[in-house]
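**Q** Next up, my_file-v1.cif (mmCIF, C-alpha atoms).
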data_data
loop_
_atom_site.label_atom_id
_atom_site.label_comp_id
_atom_site.auth_asym_id
_atom_site.auth_seq_id
_atom_site.Cartn_x
_atom_site.Cartn_y
_atom_site.Cartn_z
CA MET M 1 -12.27 84.67 -26.71
CA TRP M 2 -13.16 83.32 -23.30
CA THR M 3 -12.78 86.71 -21.68
CA GLU M 4 -15.36 88.17 -24.06
CA ILE M 5 -17.86 85.38 -23.44
CA LEU M 6 -17.38 85.57 -19.67
CA PHE M 7 -17.63 89.36 -19.73
CA TYR M 8 -20.95 89.22 -21.56
CA ILE M 9 -22.31 86.49 -19.30
CA PHE M 10 -21.38 88.25 -16.06
CA SER M 11 -22.42 91.73 -17.12
CA THR M 12 -25.79 90.47 -18.35
CA LEU M 13 -26.30 88.56 -15.11
CA MET M 14 -25.37 91.65 -13.13
CA ILE M 15 -27.76 93.95 -14.99
CA ILE M 16 -30.64 91.46 -14.84
CA SER M 17 -30.22 90.93 -11.11
CA ALA M 18 -29.92 94.71 -10.58
CA LEU M 19 -33.26 95.12 -12.35
CA CYS M 20 -34.68 92.42 -10.10
CA VAL M 21 -33.37 94.32 -7.05
CA VAL M 22 -35.26 97.42 -8.12
CA PHE M 23 -38.48 95.82 -9.27
CA SER M 24 -39.11 92.95 -6.88
CA ARG M 25 -41.96 93.26 -4.41
CA ASN M 26 -40.38 91.47 -1.48
CA VAL M 27 -37.57 93.14 0.47
CA VAL M 28 -35.79 89.86 1.16
CA ASN M 29 -35.80 89.06 -2.55
CA SER M 30 -34.23 92.45 -3.23
CA ALA M 31 -31.45 91.75 -0.76
CA LEU M 32 -30.76 88.32 -2.24
CA TYR M 33 -30.71 89.65 -5.81
CA MET M 34 -28.23 92.25 -4.54
CA VAL M 35 -26.01 89.41 -3.35
CA VAL M 36 -26.15 87.93 -6.88
CA THR M 37 -25.22 91.34 -8.29
CA LEU M 38 -22.26 91.63 -5.93
CA ILE M 39 -20.98 88.15 -6.77
CA SER M 40 -21.18 88.82 -10.53
CA MET M 41 -19.36 92.11 -9.94
CA ALA M 42 -16.65 90.16 -8.13
CA CYS M 43 -16.42 87.91 -11.23
CA LEU M 44 -15.98 91.04 -13.36
CA PHE M 45 -13.20 92.12 -11.02
CA VAL M 46 -11.50 88.77 -11.60
CA LEU M 47 -11.82 89.37 -15.34
CA LEU M 48 -10.11 92.72 -14.76
CA GLU M 49 -7.33 90.87 -12.90
CA SER M 50 -7.93 92.55 -9.53
CA TYR M 51 -8.08 89.38 -7.51
CA LEU M 52 -7.73 90.98 -4.08
CA LEU M 53 -10.62 93.34 -4.76
CA ALA M 54 -12.80 90.47 -5.94
CA ILE M 55 -12.20 88.55 -2.72
CA LEU M 56 -12.68 91.71 -0.67
CA GLN M 57 -15.96 92.40 -2.43
CA ILE M 58 -17.31 88.95 -1.60
CA LEU M 59 -16.00 88.98 1.97
CA VAL M 60 -16.99 92.50 2.96
CA TYR M 61 -19.88 93.47 0.71
CA ALA M 62 -21.70 90.22 0.06
CA GLY M 63 -20.61 88.59 3.28
CA ALA M 64 -20.96 91.34 5.87
CA VAL M 65 -22.95 94.26 4.50
CA MET M 66 -25.74 92.23 2.90
CA VAL M 67 -25.94 89.94 5.93
CA LEU M 68 -26.39 93.08 8.05
CA PHE M 69 -29.16 94.16 5.69
CA LEU M 70 -30.87 90.80 6.08
CA PHE M 71 -30.64 91.02 9.87
CA ILE M 72 -32.29 94.43 9.83
CA ILE M 73 -34.97 93.20 7.42
CA MET M 74 -35.71 90.39 9.84
CA LEU M 75 -35.85 92.85 12.77
CA ILE M 76 -38.21 95.23 11.04
CA ASP M 77 -41.71 93.96 10.50
CA VAL M 78 -42.17 94.20 6.75
CA GLU M 79 -45.68 94.85 5.61
CA GLY M 80 -47.30 92.87 2.83
CA ASN M 81 -47.66 93.79 -0.79
CA LYS M 82 -50.50 96.19 -0.24
CA LYS M 83 -48.35 99.28 -0.34
CA SER M 84 -45.65 98.29 -2.79
CA LYS M 85 -47.41 99.15 -6.01
CA ILE M 86 -45.75 101.91 -7.96
CA ASP M 87 -47.95 104.63 -9.40
CA LEU M 88 -47.59 105.66 -12.99
CA MET M 89 -46.48 109.25 -12.41
CA SER M 90 -43.43 108.38 -10.33
CA LEU M 91 -42.52 105.61 -12.80
CA VAL M 92 -42.61 107.97 -15.77
CA SER M 93 -40.66 110.70 -13.98
CA SER M 94 -38.06 108.23 -12.71
CA LEU M 95 -37.57 106.81 -16.19
CA ALA M 96 -37.18 110.35 -17.55
CA VAL M 97 -34.51 111.15 -14.93
CA ALA M 98 -32.70 107.87 -15.62
CA LEU M 99 -32.78 108.56 -19.35
CA PHE M 100 -31.33 112.02 -18.86
CA VAL M 101 -28.58 110.73 -16.58
CA SER M 102 -27.59 107.98 -19.03
CA LEU M 103 -27.70 110.40 -21.95
CA GLY M 104 -25.47 112.78 -20.04
CA ILE M 105 -22.91 110.10 -19.28
CA GLY M 106 -23.15 108.85 -22.86
CA MET M 107 -22.47 112.34 -24.19
CA LEU M 108 -19.50 112.56 -21.86
CA LEU M 109 -18.13 109.37 -23.34
CA GLY M 110 -18.97 110.29 -26.92
CA ASN M 111 -17.03 113.54 -26.90
CA SER M 112 -13.40 114.14 -27.69
CA HIS M 113 -12.34 111.93 -24.77
CA PHE M 114 -13.53 108.89 -26.65
CA GLU M 115 -10.46 108.72 -28.89
CA VAL M 116 -8.31 108.59 -25.80
CA LEU M 117 -10.36 105.70 -24.47
CA THR M 118 -10.19 103.64 -27.65
CA ASN M 119 -6.44 104.01 -27.89
CA LEU M 120 -5.95 102.24 -24.58
CA LYS M 121 -5.56 98.58 -25.34
CA LEU M 122 -6.02 95.84 -22.84
CA PHE M 123 -2.74 94.07 -22.13
CA PRO M 124 -3.26 90.70 -23.82
CA VAL M 125 -3.65 88.01 -21.25
CA GLN M 126 -1.52 85.48 -23.14
CA GLU M 127 1.55 87.68 -22.86
CA LEU M 128 1.38 88.39 -19.17
CA PRO M 129 3.45 85.51 -17.68
CA VAL M 130 6.67 87.58 -17.77
CA TYR M 131 6.26 89.90 -14.80
CA THR M 132 8.45 92.83 -15.71
CA GLY M 133 8.60 96.06 -13.78
CA SER M 134 5.81 97.78 -15.64
CA MET M 135 3.35 94.94 -15.16
CA LEU M 136 4.26 94.27 -11.57
CA SER M 137 1.26 96.10 -10.17
CA PHE M 138 -1.10 93.38 -11.26
CA ALA M 139 1.17 90.41 -10.84
CA THR M 140 1.12 89.93 -7.07
CA SER M 141 -1.84 92.05 -6.15
CA ALA M 142 -1.85 91.68 -2.37
CA LYS M 143 1.83 92.49 -2.11
CA SER M 144 1.61 95.55 -4.33
CA PHE M 145 -1.52 96.66 -2.48
CA GLY M 146 0.39 96.48 0.76
CA LEU M 147 3.34 98.36 -0.72
CA ILE M 148 1.19 101.23 -1.92
CA LEU M 149 -1.16 101.26 1.05
CA PHE M 150 1.63 101.73 3.57
CA SER M 151 3.79 104.14 1.61
CA LYS M 152 1.79 106.43 -0.60
CA TYR M 153 -1.66 106.13 0.98
CA LEU M 154 -0.69 105.83 4.62
CA LEU M 155 -2.76 108.80 5.74
CA PRO M 156 -6.04 107.58 4.16
CA PHE M 157 -5.35 104.18 5.66
CA GLU M 158 -5.08 105.56 9.20
CA LEU M 159 -8.09 107.81 8.63
CA ALA M 160 -10.10 104.80 7.48
CA GLY M 161 -9.21 103.11 10.76
CA ILE M 162 -10.42 106.14 12.72
CA LEU M 163 -13.56 106.22 10.59
CA LEU M 164 -14.32 102.60 11.43
CA LEU M 165 -13.81 103.35 15.12
CA MET M 166 -16.24 106.27 14.85
CA ALA M 167 -18.75 104.04 13.08
CA ILE M 168 -18.56 101.46 15.88
CA VAL M 169 -19.00 104.09 18.59
CA GLY M 170 -21.82 105.72 16.64
CA VAL M 171 -23.72 102.46 16.24
CA MET M 172 -23.37 101.75 19.96
CA VAL M 173 -24.66 105.20 20.84
CA LEU M 174 -27.57 104.94 18.43
CA SER M 175 -28.69 101.61 19.78
CA LYS M 176 -28.18 102.63 23.41
CA VAL M 177 -30.69 105.51 23.36
CA SER M 178 -33.70 103.27 22.74
CA ALA M 179 -32.58 100.88 25.50
CA LYS M 180 -32.64 103.73 28.04
CA THR M 181 -36.21 104.70 27.17
CA GLN M 182 -37.25 101.06 27.44
CA MET M 183 -35.71 100.86 30.87
CA GLY M 184 -37.50 104.06 31.84
CA SER M 185 -40.88 102.68 30.76
CA ASN M 186 -40.20 99.47 32.70
CA LYS M 187 -39.54 101.50 35.84
CA ASN M 188 -42.78 103.39 35.34
CA GLN M 189 -44.66 100.14 35.01
CA LEU M 190 -43.13 98.85 38.23
CA THR M 191 -44.04 101.95 40.24
CA ASN M 192 -47.57 102.09 38.80
CA GLY M 193 -48.14 98.43 39.61
CA LYS M 194 -47.58 99.11 43.28
CA MET O 1 -12.78 92.96 -28.18
CA ILE O 2 -13.59 94.18 -24.70
CA THR O 3 -12.46 97.78 -24.49
CA LEU O 4 -12.58 100.16 -21.57
CA SER O 5 -15.77 101.76 -22.85
CA SER O 6 -17.71 98.48 -22.57
CA TYR O 7 -16.91 98.38 -18.85
CA ILE O 8 -17.93 102.04 -18.57
CA VAL O 9 -21.22 101.31 -20.32
CA VAL O 10 -21.94 98.48 -17.88
CA SER O 11 -21.08 100.73 -14.94
CA MET O 12 -23.30 103.48 -16.33
CA ALA O 13 -26.21 101.06 -16.78
CA LEU O 14 -25.81 99.81 -13.22
CA PHE O 15 -25.70 103.37 -11.89
CA THR O 16 -28.86 104.28 -13.78
CA ILE O 17 -30.67 101.19 -12.47
CA GLY O 18 -29.62 102.11 -8.92
CA LEU O 19 -30.85 105.67 -9.44
CA LEU O 20 -34.16 104.29 -10.69
CA GLY O 21 -34.44 102.21 -7.56
CA VAL O 22 -33.75 105.12 -5.24
CA LEU O 23 -36.41 107.21 -6.97
CA LEU O 24 -39.08 104.56 -7.33
CA ARG O 25 -39.18 102.44 -4.22
CA ARG O 26 -40.92 103.43 -1.03
CA ASN O 27 -39.29 101.11 1.45
CA VAL O 28 -36.32 102.73 3.18
CA ILE O 29 -34.31 99.52 3.20
CA VAL O 30 -34.72 98.95 -0.55
CA ILE O 31 -33.72 102.57 -1.15
CA TYR O 32 -30.57 101.90 0.86
CA ILE O 33 -29.82 98.72 -1.13
CA CYS O 34 -30.13 100.66 -4.41
CA LEU O 35 -27.78 103.30 -2.99
CA GLU O 36 -25.22 100.54 -2.44
CA LEU O 37 -25.83 99.50 -6.05
CA MET O 38 -24.84 102.98 -7.21
CA LEU O 39 -21.68 102.79 -5.11
CA ASN O 40 -20.83 99.47 -6.71
CA ALA O 41 -21.26 100.92 -10.18
CA ALA O 42 -18.68 103.57 -9.30
CA THR O 43 -16.29 100.92 -7.98
CA LEU O 44 -16.60 98.95 -11.22
CA ALA O 45 -15.70 102.04 -13.24
CA LEU O 46 -12.73 102.74 -10.98
CA VAL O 47 -11.35 99.20 -11.23
CA ALA O 48 -11.77 99.25 -15.03
CA PHE O 49 -9.85 102.52 -15.30
CA SER O 50 -7.19 101.22 -12.94
CA ARG O 51 -6.70 98.12 -15.06
CA TYR O 52 -6.57 99.87 -18.39
CA ASN O 53 -3.99 102.40 -17.24
CA ASN O 54 -1.93 99.77 -15.38
CA ASN O 55 -2.15 101.96 -12.30
CA LEU O 56 -3.02 100.74 -8.84
CA ASP O 57 -4.41 104.02 -7.50
CA GLY O 58 -7.93 103.24 -8.66
CA SER O 59 -7.89 99.92 -6.84
CA ILE O 60 -6.73 101.63 -3.63
CA PHE O 61 -9.61 104.05 -4.01
CA VAL O 62 -11.98 101.06 -4.33
CA PHE O 63 -10.46 99.60 -1.16
CA PHE O 64 -11.37 102.77 0.73
CA ILE O 65 -14.80 102.97 -0.89
CA ILE O 66 -15.60 99.46 0.35
CA THR O 67 -14.45 100.42 3.85
CA VAL O 68 -16.46 103.65 3.95
CA ALA O 69 -19.54 101.94 2.49
CA ALA O 70 -19.43 99.23 5.16
CA ALA O 71 -19.17 101.83 7.95
CA GLU O 72 -21.95 103.89 6.38
CA VAL O 73 -24.25 100.88 6.09
CA ALA O 74 -23.73 100.03 9.76
CA VAL O 75 -24.57 103.53 10.95
CA GLY O 76 -27.43 103.98 8.47
CA LEU O 77 -29.10 100.74 9.46
CA ALA O 78 -28.80 101.65 13.15
CA LEU O 79 -30.60 104.88 12.24
CA VAL O 80 -33.29 102.92 10.36
CA VAL O 81 -33.86 100.67 13.36
CA ALA O 82 -34.15 103.68 15.69
CA LEU O 83 -36.56 105.31 13.24
CA TYR O 84 -38.66 102.17 13.09
CA LYS O 85 -38.86 101.98 16.86
CA LYS O 86 -40.09 105.55 16.98
CA ARG O 87 -42.47 105.54 14.03
CA GLN O 88 -43.40 101.87 13.51
CA THR O 89 -43.10 102.26 9.74
CA VAL O 90 -40.44 102.09 7.05
CA GLN O 91 -42.45 103.41 4.13
CA VAL O 92 -41.10 106.73 2.95
CA SER O 93 -44.58 107.97 2.07
CA GLU O 94 -45.52 107.85 5.76
CA LEU O 95 -42.33 109.45 7.13
CA THR O 96 -43.38 112.94 6.08
CA SER O 97 -43.36 114.87 9.35
CA LEU O 98 -40.89 117.41 7.94
CA ASN O 99 -43.36 118.40 5.22
CA ASN O 100 -45.41 121.57 5.72
#
Will you turn the file into structure tokens for me?
**A**
Amino acid sequence: MWTEILFYIFSTLMIISALCVVFSRNVVNSALYMVVTLISMACLFVLLESYLLAILQILVYAGAVMVLFLFIIMLIDVEGNKKSKIDLMSLVSSLAVALFVSLGIGMLLGNSHFEVLTNLKLFPVQELPVYTGSMLSFATSAKSFGLILFSKYLLPFELAGILLLMAIVGVMVLSKVSAKTQMGSNKNQLTNGK
Amino acid sequence: MITLSSYIVVSMALFTIGLLGVLLRRNVIVIYICLELMLNAATLALVAFSRYNNNLDGSIFVFFIITVAAAEVAVGLALVVALYKKRQTVQVSELTSLNN
């Protein structure tokens, strides 16, 4: 009973804050509503018994990615509300596209696959304390994550490390180029001053 | 009774709201935030499927999605900062030099 109530609370909170992300006029407000969305999604992960992913979501997404967004918002001079009004034509066309996308996904769910989905029952939470072999994957989530990550998914793990290295080098290169041009303009100012 | 399809409906609604945000907003940073919202909708669907099949592969996929999204956000925001230094604007309606 509690899982149903909590599911409805967190999913409603998530959808309301996602709507506030899209329709708020201030960029900082959008970023903060996104943090609320991410935290409610972490609560939904806890309801789905993926505790490691919930903590990872809060640490990485809400804690690092959104903080990076807020830093960039502070760096970039945000204009006022004079340009943020949405004209009617783009609103109508966007709503039409969103309606078509949701209808498409709904038709995908409403087809013959739906019987397969309804036959899958959630393992009742009251019966989970006995951690047999079949339920081990959600019993100690960090340990089973580590087991799978280093045996079956070792190659994606190493590639993710290389990808992060490339991202670091790429960010350093991208922020170095503007520093060189600034140094060049400073040199020009020095020579012209003489 | 919370079935798998209720989680899929929530993920679908979140994805549609993110898509609406990408289409409607004119600030590049808000477009990027709504893109992250769409990614999160996909991660919710993956974790729901992983739970209902008692399979950990979906959660591993989510692990890598979070990693790739963090790297992508870092590089993308560096690009946005470089673009702002060049053009002094972040409104998409003014960044139209590739048109015509």
**Q** Evaluate the PyMOL selection byres ((chain O and resi 57) around 12) against this structure - the residues, as a list in words, please.
**A**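 Selected by the PyMOL selection byres ((chain O and resi 57) around 12) in this file: Ser137, Phe138, Ser144, Phe145, Leu147, Ile148, Leu149, Lys152 and Tyr153 of chain M; Leu46, Val47, Ala48, Phe49, Ser50, Arg51, Tyr52, Asn53, Asn54, Asn55, Leu56, Gly58, Ser59, Ile60, Phe61, Val62, Phe63 and Phe64 of chain O.
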**Q** List, as a ChimeraX atom specification, every residue that the PyMOL selection byres ((chain M and resi 48-60) around 8) selects in the file provided.
**A** /M:38-39,41-47,61-65,138,141-142 /O:47-48,51,59,62-63,66,70
**Q** Which neighbours of Ala18 in chain M fall inside 9 Å, counting all atoms listed in the file, when residues of the same chain fewer than 2 positions from it are skipped, and could you give them as a list in words?
**A**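 Surrounding residues, per the criterion: Leu13, Met14, Ile15, Ile16, Cys20, Val21, Val22, Phe23, Ser30, Tyr33, Met34, Val36 and Thr37 of chain M; Leu14, Ile17, Gly18, Cys34 and Leu37 of chain O.
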**Q** Would you list the residues near (-40.8, 107.0, 0.1), meaning any protein, DNA or RNA residue with an atom at most 9 Å from that point in file coordinates, counting only C-alpha atoms, as a PyMOL selection string?
**A** chain O and resi 23-28+31+90-96
**Q** Expressed in Å to a single decimal, how great is the separation between CA of Gly76 in chain O and CA of Leu44 in chain O?
**A**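 Separation between CA of Gly76 in chain O and CA of Leu44 in chain O: 23.0 Å.
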**Q** Give me, as a PyMOL selection string, all polymer residues having an atom no more than 8 Å from Leu20 in chain O, counting all atoms listed in the file and skipping those fewer than 5 positions away in the same chain.
**A** chain M and resi 22+94-95+98
**Q** Taking 2 positions as the minimum chain separation for residues in the same chain, which residues sit within 9 Å of Ser102 in chain M when counting all atoms listed in the file? Answer as a PyMOL selection string.
**A** (chain M and resi 97-100+104-107) or (chain O and resi 12-13+15-16)
**Q** Edge lengths and centre in Å to one decimal, as AutoDock Vina command-line options, of the axis-aligned box that encloses all listed atoms of range 22-25 of chain O with 5 Å added on every side?
**A**
--center_x -36.5 --center_y 104.8 --center_z -5.8 --size_x 15.4 --size_y 14.8 --size_z 13.1
**Q** Any chance you could resolve the PyMOL selection byres ((chain O and resi 81) around 12) against this file and give the residues as an NGL selection string?
**A** (:M and (68-69 or 71-77 or 171 or 174-178)) or (:O and (28-29 or 74-80 or 82-90))
**Q** Could you please determine the separation between CA of Ser40 in chain M and CA of Leu4 in chain O in Å, to one decimal place?
**A**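 A separation of 18.0 Å between them.
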**Q** Using all atoms listed in the file, which residue out of O:Ile8, O:Ile65, O:Leu35, O:Ala71 lies closest to chain M?
**A**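 That would be O:Ala71, the residue with the smallest distance to chain M.
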**Q** How far is it from CA of Asn99 in chain O to CA of Ala167 in chain M, in Å with one decimal?
**A**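 That distance, rounded to one decimal, is 29.6 Å.
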**Q** Check the smallest atom-to-atom distance from each of M:Leu159, M:Leu19, M:Leu32, M:Val92 to chain O using only C-alpha atoms, then report the winner.
**A**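 Using only C-alpha atoms, the shortest distance to chain O belongs to M:Leu19.
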**Q** Which residue is closest to chain M? Choose from O:Ser6, O:Ser11, O:Gly21, O:Met38 and count all atoms listed in the file.
**A**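 Comparing O:Ser6, O:Ser11, O:Gly21, O:Met38 against chain M, the winner is O:Gly21.
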**Q** Choose the residue, out of M:Val67, M:Ile9, M:Leu91, M:Gly146, that has the smallest atom-to-atom separation from chain O; count all atoms listed in the file.
**A** M:Leu91
**Q** Mind filling out range 55-82 of chain O with N, CA and C atoms and sending it as a PDB file, in the frame of the given file?
**A**
ATOM      1  N   ASN O  55      -2.428 101.102 -13.436  1.00  0.00           N
ATOM      2  CA  ASN O  55      -2.150 101.960 -12.300  1.00  0.00           C
ATOM      3  C   ASN O  55      -2.932 101.415 -11.125  1.00  0.00           C
ATOM      4  N   LEU O  56      -2.329 101.375  -9.965  1.00  0.00           N
ATOM      5  CA  LEU O  56      -3.020 100.740  -8.840  1.00  0.00           C
ATOM      6  C   LEU O  56      -3.797 101.739  -7.995  1.00  0.00           C
ATOM      7  N   ASP O  57      -3.750 103.031  -8.347  1.00  0.00           N
ATOM      8  CA  ASP O  57      -4.410 104.020  -7.500  1.00  0.00           C
ATOM      9  C   ASP O  57      -5.916 103.855  -7.481  1.00  0.00           C
ATOM     10  N   GLY O  58      -6.487 103.457  -8.620  1.00  0.00           N
ATOM     11  CA  GLY O  58      -7.930 103.240  -8.660  1.00  0.00           C
ATOM     12  C   GLY O  58      -8.354 102.107  -7.760  1.00  0.00           C
ATOM     13  N   SER O  59      -7.525 101.046  -7.686  1.00  0.00           N
ATOM     14  CA  SER O  59      -7.890  99.920  -6.840  1.00  0.00           C
ATOM     15  C   SER O  59      -7.792 100.301  -5.363  1.00  0.00           C
ATOM     16  N   ILE O  60      -6.826 101.163  -5.019  1.00  0.00           N
ATOM     17  CA  ILE O  60      -6.730 101.630  -3.630  1.00  0.00           C
ATOM     18  C   ILE O  60      -7.952 102.450  -3.272  1.00  0.00           C
ATOM     19  N   PHE O  61      -8.406 103.260  -4.237  1.00  0.00           N
ATOM     20  CA  PHE O  61      -9.610 104.050  -4.010  1.00  0.00           C
ATOM     21  C   PHE O  61     -10.804 103.124  -3.747  1.00  0.00           C
ATOM     22  N   VAL O  62     -10.887 102.025  -4.523  1.00  0.00           N
ATOM     23  CA  VAL O  62     -11.980 101.060  -4.330  1.00  0.00           C
ATOM     24  C   VAL O  62     -11.894 100.429  -2.954  1.00  0.00           C
ATOM     25  N   PHE O  63     -10.685 100.131  -2.502  1.00  0.00           N
ATOM     26  CA  PHE O  63     -10.460  99.600  -1.160  1.00  0.00           C
ATOM     27  C   PHE O  63     -11.080 100.522  -0.112  1.00  0.00           C
ATOM     28  N   PHE O  64     -10.820 101.840  -0.251  1.00  0.00           N
ATOM     29  CA  PHE O  64     -11.370 102.770   0.730  1.00  0.00           C
ATOM     30  C   PHE O  64     -12.866 102.958   0.559  1.00  0.00           C
ATOM     31  N   ILE O  65     -13.357 102.851  -0.671  1.00  0.00           N
ATOM     32  CA  ILE O  65     -14.800 102.970  -0.890  1.00  0.00           C
ATOM     33  C   ILE O  65     -15.523 101.822  -0.209  1.00  0.00           C
ATOM     34  N   ILE O  66     -14.959 100.607  -0.304  1.00  0.00           N
ATOM     35  CA  ILE O  66     -15.600  99.460   0.350  1.00  0.00           C
ATOM     36  C   ILE O  66     -15.617  99.663   1.859  1.00  0.00           C
ATOM     37  N   THR O  67     -14.509 100.181   2.408  1.00  0.00           N
ATOM     38  CA  THR O  67     -14.450 100.420   3.850  1.00  0.00           C
ATOM     39  C   THR O  67     -15.495 101.438   4.285  1.00  0.00           C
ATOM     40  N   VAL O  68     -15.534 102.579   3.579  1.00  0.00           N
ATOM     41  CA  VAL O  68     -16.460 103.650   3.950  1.00  0.00           C
ATOM     42  C   VAL O  68     -17.900 103.195   3.765  1.00  0.00           C
ATOM     43  N   ALA O  69     -18.168 102.415   2.716  1.00  0.00           N
ATOM     44  CA  ALA O  69     -19.540 101.940   2.490  1.00  0.00           C
ATOM     45  C   ALA O  69     -19.980 100.993   3.598  1.00  0.00           C
ATOM     46  N   ALA O  70     -19.067 100.139   4.070  1.00  0.00           N
ATOM     47  CA  ALA O  70     -19.430  99.230   5.160  1.00  0.00           C
ATOM     48  C   ALA O  70     -19.744 100.014   6.433  1.00  0.00           C
ATOM     49  N   ALA O  71     -18.912 101.022   6.756  1.00  0.00           N
ATOM     50  CA  ALA O  71     -19.170 101.830   7.950  1.00  0.00           C
ATOM     51  C   ALA O  71     -20.486 102.591   7.817  1.00  0.00           C
ATOM     52  N   GLU O  72     -20.733 103.125   6.603  1.00  0.00           N
ATOM     53  CA  GLU O  72     -21.950 103.890   6.380  1.00  0.00           C
ATOM     54  C   GLU O  72     -23.186 103.014   6.497  1.00  0.00           C
ATOM     55  N   VAL O  73     -23.100 101.778   6.004  1.00  0.00           N
ATOM     56  CA  VAL O  73     -24.250 100.880   6.090  1.00  0.00           C
ATOM     57  C   VAL O  73     -24.551 100.545   7.538  1.00  0.00           C
ATOM     58  N   ALA O  74     -23.500 100.342   8.345  1.00  0.00           N
ATOM     59  CA  ALA O  74     -23.730 100.030   9.760  1.00  0.00           C
ATOM     60  C   ALA O  74     -24.460 101.164  10.460  1.00  0.00           C
ATOM     61  N   VAL O  75     -23.944 102.388  10.279  1.00  0.00           N
ATOM     62  CA  VAL O  75     -24.570 103.530  10.950  1.00  0.00           C
ATOM     63  C   VAL O  75     -25.965 103.796  10.404  1.00  0.00           C
ATOM     64  N   GLY O  76     -26.128 103.703   9.087  1.00  0.00           N
ATOM     65  CA  GLY O  76     -27.430 103.980   8.470  1.00  0.00           C
ATOM     66  C   GLY O  76     -28.488 102.997   8.915  1.00  0.00           C
ATOM     67  N   LEU O  77     -28.106 101.717   9.030  1.00  0.00           N
ATOM     68  CA  LEU O  77     -29.100 100.740   9.460  1.00  0.00           C
ATOM     69  C   LEU O  77     -29.441 100.887  10.930  1.00  0.00           C
ATOM     70  N   ALA O  78     -28.461 101.359  11.752  1.00  0.00           N
ATOM     71  CA  ALA O  78     -28.800 101.650  13.150  1.00  0.00           C
ATOM     72  C   ALA O  78     -29.818 102.789  13.207  1.00  0.00           C
ATOM     73  N   LEU O  79     -29.636 103.781  12.331  1.00  0.00           N
ATOM     74  CA  LEU O  79     -30.600 104.880  12.240  1.00  0.00           C
ATOM     75  C   LEU O  79     -31.979 104.370  11.823  1.00  0.00           C
ATOM     76  N   VAL O  80     -32.003 103.447  10.843  1.00  0.00           N
ATOM     77  CA  VAL O  80     -33.290 102.920  10.360  1.00  0.00           C
ATOM     78  C   VAL O  80     -33.998 102.170  11.471  1.00  0.00           C
ATOM     79  N   VAL O  81     -33.239 101.416  12.264  1.00  0.00           N
ATOM     80  CA  VAL O  81     -33.860 100.670  13.360  1.00  0.00           C
ATOM     81  C   VAL O  81     -34.414 101.626  14.406  1.00  0.00           C
ATOM     82  N   ALA O  82     -33.652 102.695  14.724  1.00  0.00           N
ATOM     83  CA  ALA O  82     -34.150 103.680  15.690  1.00  0.00           C
ATOM     84  C   ALA O  82     -35.393 104.373  15.153  1.00  0.00           C
TER      85      ALA O  82
END
